[in-house]
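Source file: structure_37.pdb; contents: PDB, C-alpha atoms.
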ATOM      1  CA  MET A  17    -108.921 102.040 211.411
ATOM      2  CA  ALA A  18    -110.755 104.751 213.237
ATOM      3  CA  THR A  19    -113.423 102.475 214.693
ATOM      4  CA  TYR A  20    -110.807 100.660 216.761
ATOM      5  CA  LYS A  21    -109.086 103.691 218.337
ATOM      6  CA  SER A  22    -110.716 103.064 221.712
ATOM      7  CA  LEU A  23    -109.652  99.390 221.525
ATOM      8  CA  SER A  24    -106.044 100.384 220.847
ATOM      9  CA  ALA A  25    -106.202 102.890 223.711
ATOM     10  CA  SER A  26    -107.570 100.201 226.057
ATOM     11  CA  LEU A  27    -104.674  97.948 225.107
ATOM     12  CA  ASN A  28    -102.217 100.814 225.702
ATOM     13  CA  TRP A  29    -101.131 100.830 222.046
ATOM     14  CA  PRO A  30    -100.851 104.593 221.390
ATOM     15  CA  THR A  31     -99.784 104.066 217.760
ATOM     16  CA  GLY A  32    -102.514 101.481 217.164
ATOM     17  CA  GLN A  33     -99.783  98.879 216.659
ATOM     18  CA  PRO A  34     -98.863  96.190 219.180
ATOM     19  CA  PRO A  35     -95.409  96.451 220.723
ATOM     20  CA  SER A  36     -92.753  94.532 218.814
ATOM     21  CA  ARG A  37     -92.498  90.799 219.452
ATOM     22  CA  THR A  38     -96.045  90.704 220.843
ATOM     23  CA  THR A  39     -98.320  87.697 220.803
ATOM     24  CA  THR A  40    -102.026  88.504 220.738
ATOM     25  CA  LEU A  41    -104.481  85.798 221.732
ATOM     26  CA  ILE A  42    -108.090  86.345 220.691
ATOM     27  CA  THR A  43    -110.739  84.076 222.124
ATOM     28  CA  GLY A  44    -114.504  84.084 222.142
ATOM     29  CA  THR A  45    -117.245  83.066 224.513
ATOM     30  CA  LEU A  46    -120.925  82.335 224.125
ATOM     31  CA  SER A  47    -121.706  85.936 224.993
ATOM     32  CA  ALA A  48    -118.916  87.668 223.037
ATOM     33  CA  GLU A  49    -117.534  86.658 219.664
ATOM     34  CA  GLY A  50    -113.799  87.328 219.572
ATOM     35  CA  SER A  51    -113.155  86.425 215.943
ATOM     36  CA  ILE A  52    -114.606  89.760 214.790
ATOM     37  CA  LEU A  53    -111.343  91.341 216.005
ATOM     38  CA  ILE A  54    -109.045  89.077 213.986
ATOM     39  CA  PRO A  55    -109.253  91.058 210.719
ATOM     40  CA  HIS A  56    -108.555  94.285 212.633
ATOM     41  CA  PHE A  57    -105.472  92.923 214.387
ATOM     42  CA  THR A  58    -104.246  91.237 211.209
ATOM     43  CA  ASN A  59    -104.647  94.403 209.145
ATOM     44  CA  THR A  60    -102.982  96.507 211.871
ATOM     45  CA  THR A  61    -100.020  94.153 211.867
ATOM     46  CA  PHE A  62     -99.841  94.170 208.066
ATOM     47  CA  GLU A  63     -99.711  97.976 208.155
ATOM     48  CA  ALA A  64     -96.610  97.680 210.340
ATOM     49  CA  GLN A  65     -95.202  95.221 207.764
ATOM     50  CA  THR A  66     -94.655  92.528 210.369
ATOM     51  CA  PRO A  67     -95.509  88.840 209.958
ATOM     52  CA  VAL A  68     -98.732  87.247 211.164
ATOM     53  CA  ILE A  69     -99.299  83.662 212.220
ATOM     54  CA  LEU A  70    -103.014  82.910 212.464
ATOM     55  CA  ILE A  71    -103.888  79.653 214.206
ATOM     56  CA  SER A  72    -107.590  78.983 213.766
ATOM     57  CA  PHE A  73    -109.633  76.520 215.742
ATOM     58  CA  ARG A  74    -112.874  77.645 214.164
ATOM     59  CA  HIS A  75    -112.788  79.032 210.615
ATOM     60  CA  THR A  76    -111.009  78.158 207.394
ATOM     61  CA  TYR A  77    -108.362  80.197 205.621
ATOM     62  CA  ASN A  78    -110.958  81.061 202.961
ATOM     63  CA  HIS A  79    -113.186  82.622 205.615
ATOM     64  CA  TYR A  80    -110.512  85.045 206.786
ATOM     65  CA  MET A  81    -109.206  85.670 203.275
ATOM     66  CA  HIS A  82    -112.663  86.801 202.083
ATOM     67  CA  ILE A  83    -113.200  89.090 205.074
ATOM     68  CA  MET A  84    -109.788  90.683 204.589
ATOM     69  CA  ARG A  85    -110.468  91.124 200.877
ATOM     70  CA  LYS A  86    -113.736  92.922 201.704
ATOM     71  CA  MET A  87    -111.648  95.227 203.908
ATOM     72  CA  GLY A  88    -109.384  95.943 200.935
ATOM     73  CA  VAL A  89    -106.485  93.839 202.218
ATOM     74  CA  HIS A  90    -104.992  91.176 199.974
ATOM     75  CA  THR A  91    -103.404  88.574 202.227
ATOM     76  CA  ASN A  92    -101.140  87.264 199.465
ATOM     77  CA  ARG A  93     -99.193  90.557 199.593
ATOM     78  CA  HIS A  94     -98.253  90.089 203.241
ATOM     79  CA  ASN A  95     -96.315  87.647 205.385
ATOM     80  CA  LEU A  96     -99.205  85.524 206.687
ATOM     81  CA  GLN A  97     -98.963  81.908 207.777
ATOM     82  CA  PHE A  98    -102.279  80.203 208.422
ATOM     83  CA  VAL A  99    -102.592  77.093 210.565
ATOM     84  CA  ASN A 100    -105.883  75.223 210.422
ATOM     85  CA  ALA A 101    -105.658  73.632 213.856
ATOM     86  CA  LEU A 102    -108.753  71.466 213.439
ATOM     87  CA  ALA A 103    -108.189  70.072 209.982
ATOM     88  CA  LYS A 104    -107.003  66.575 209.331
ATOM     89  CA  GLY A 105    -106.585  65.166 205.911
ATOM     90  CA  ASP A 106    -105.121  65.948 202.539
ATOM     91  CA  PHE A 107    -105.684  69.474 201.224
ATOM     92  CA  SER A 108    -103.508  69.089 198.144
ATOM     93  CA  ASN A 109    -106.596  69.131 195.900
ATOM     94  CA  LEU A 110    -107.490  72.671 197.049
ATOM     95  CA  PRO A 111    -106.262  75.623 194.993
ATOM     96  CA  PRO A 112    -102.982  76.941 196.469
ATOM     97  CA  ALA A 113    -104.582  80.300 197.338
ATOM     98  CA  THR A 114    -107.124  78.631 199.638
ATOM     99  CA  ARG A 115    -104.961  75.835 201.034
ATOM    100  CA  PRO A 116    -103.903  76.229 204.694
ATOM    101  CA  HIS A 117    -100.169  76.610 205.159
ATOM    102  CA  PHE A 118    -100.202  74.027 207.950
ATOM    103  CA  THR A 119    -102.766  71.654 209.470
ATOM    104  CA  LEU A 120    -103.103  69.629 212.642
ATOM    105  CA  ASN A 121    -101.150  66.808 210.993
ATOM    106  CA  GLU A 122     -98.267  69.185 210.337
ATOM    107  CA  TRP A 123     -97.472  70.603 213.783
ATOM    108  CA  PRO A 124     -93.832  69.401 213.594
ATOM    109  CA  GLU A 125     -93.407  71.153 210.220
ATOM    110  CA  PHE A 126     -95.022  74.312 211.604
ATOM    111  CA  PHE A 127     -92.690  74.430 214.600
ATOM    112  CA  GLN A 128     -89.721  73.750 212.327
ATOM    113  CA  TRP A 129     -90.788  76.645 210.075
ATOM    114  CA  LEU A 130     -91.300  78.845 213.148
ATOM    115  CA  SER A 131     -87.831  78.075 214.523
ATOM    116  CA  GLU A 132     -86.281  79.149 211.216
ATOM    117  CA  GLN A 133     -87.869  82.606 211.242
ATOM    118  CA  LYS A 134     -85.759  85.655 211.945
ATOM    119  CA  PRO A 135     -86.968  87.744 214.893
ATOM    120  CA  SER A 136     -88.791  90.897 213.802
ATOM    121  CA  MET A 137     -88.074  94.057 215.696
TER     122      MET A 137
END
What would you get if you wrote out this structure as structure tokens?
Amino acid sequence: MATYKSLSASLNWPTGQPPSRTTTLITGTLSAEGSILIPHFTNTTFEAQTPVILISFRHTYNHYMHIMRKMGVHTNRHNLQFVNALAKGDFSNLPPATRPHFTLNEWPEFFQWLSEQKPSM
């Protein structure tokens, strides 16, 4: 994405991709909204064919899925795990495509899943 070349340069990512085994934390403040960068970083990581774990304290999976779709990225074709960190309750009535992979009630299951993942290089 050409519009983010200066961002990648500021982060010292000459290829536009984060170094392998990198964790990127995006936060926002009242004066600067950080979530606008999430689709960029997610798409960049998808281009490298590496997995993404998105832990959201603000928006739903649907929110990010629609933004990514508008960018021409179909999240179901990539290794994305979404954790809705604020949600409590039963989401089984939601369609599978919009259901979060994990919720606040499922932290033990999330960490179990995470421990079973092979390291990506």
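Candidate residues A:Tyr77, A:Thr39, A:Pro34, A:His82 were compared for distance to Phe62 of chain A, and the nearest is A:Pro34, using only C-alpha atoms.
The space separating atom CA of Ser131 of chain A from atom CA of Ile69 of chain A comes to 13.0 Å.
Atom CA of Asn95 of chain A lies 16.9 Å from atom CA of Gln128 of chain A.
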Find the residues around segment 87-93 of chain A up to 10 Å (all atoms listed in the file counted), leave out those fewer than 2 positions away in its own chain, and share them as a compact mmCIF listing (two decimals) with C-alpha atoms, keeping the file's coordinate frame.
# COMPACT_ATOMS: atom_id res chain seq x y z
CA PRO A 55 -109.25 91.06 210.72
CA HIS A 56 -108.56 94.28 212.63
CA THR A 58 -104.25 91.24 211.21
CA ASN A 59 -104.65 94.40 209.14
CA PHE A 62 -99.84 94.17 208.07
CA GLU A 63 -99.71 97.98 208.16
CA TYR A 80 -110.51 85.04 206.79
CA MET A 81 -109.21 85.67 203.28
CA HIS A 82 -112.66 86.80 202.08
CA ILE A 83 -113.20 89.09 205.07
CA MET A 84 -109.79 90.68 204.59
CA ARG A 85 -110.47 91.12 200.88
CA ASN A 95 -96.32 87.65 205.38
CA LEU A 96 -99.20 85.52 206.69
CA GLN A 97 -98.96 81.91 207.78
CA ALA A 113 -104.58 80.30 197.34
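Taking atom CA of Val68 of chain A as the reference point, atom CA of Leu130 of chain A is found at 11.4 Å.
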So, with all atoms listed in the file as the atoms that count, which of A:Ser72, A:Pro124, A:Asn100, A:Gln133 lies closest to Gly50 of chain A? A:Ser72
Given the file shown, enumerate the residues that the PyMOL selection byres ((chain A and resi 35) around 12) captures and present them as a VMD selection string. chain A and resid 24 27 to 34 36 to 40 60 to 61 64 66 136 to 137
Evaluate the PyMOL selection byres ((chain A and resi 99) around 10) on the structure here and hand back the selected residues as a ChimeraX atom specification. /A:69-73,76-77,96-98,100-103,115-120,122-123,126
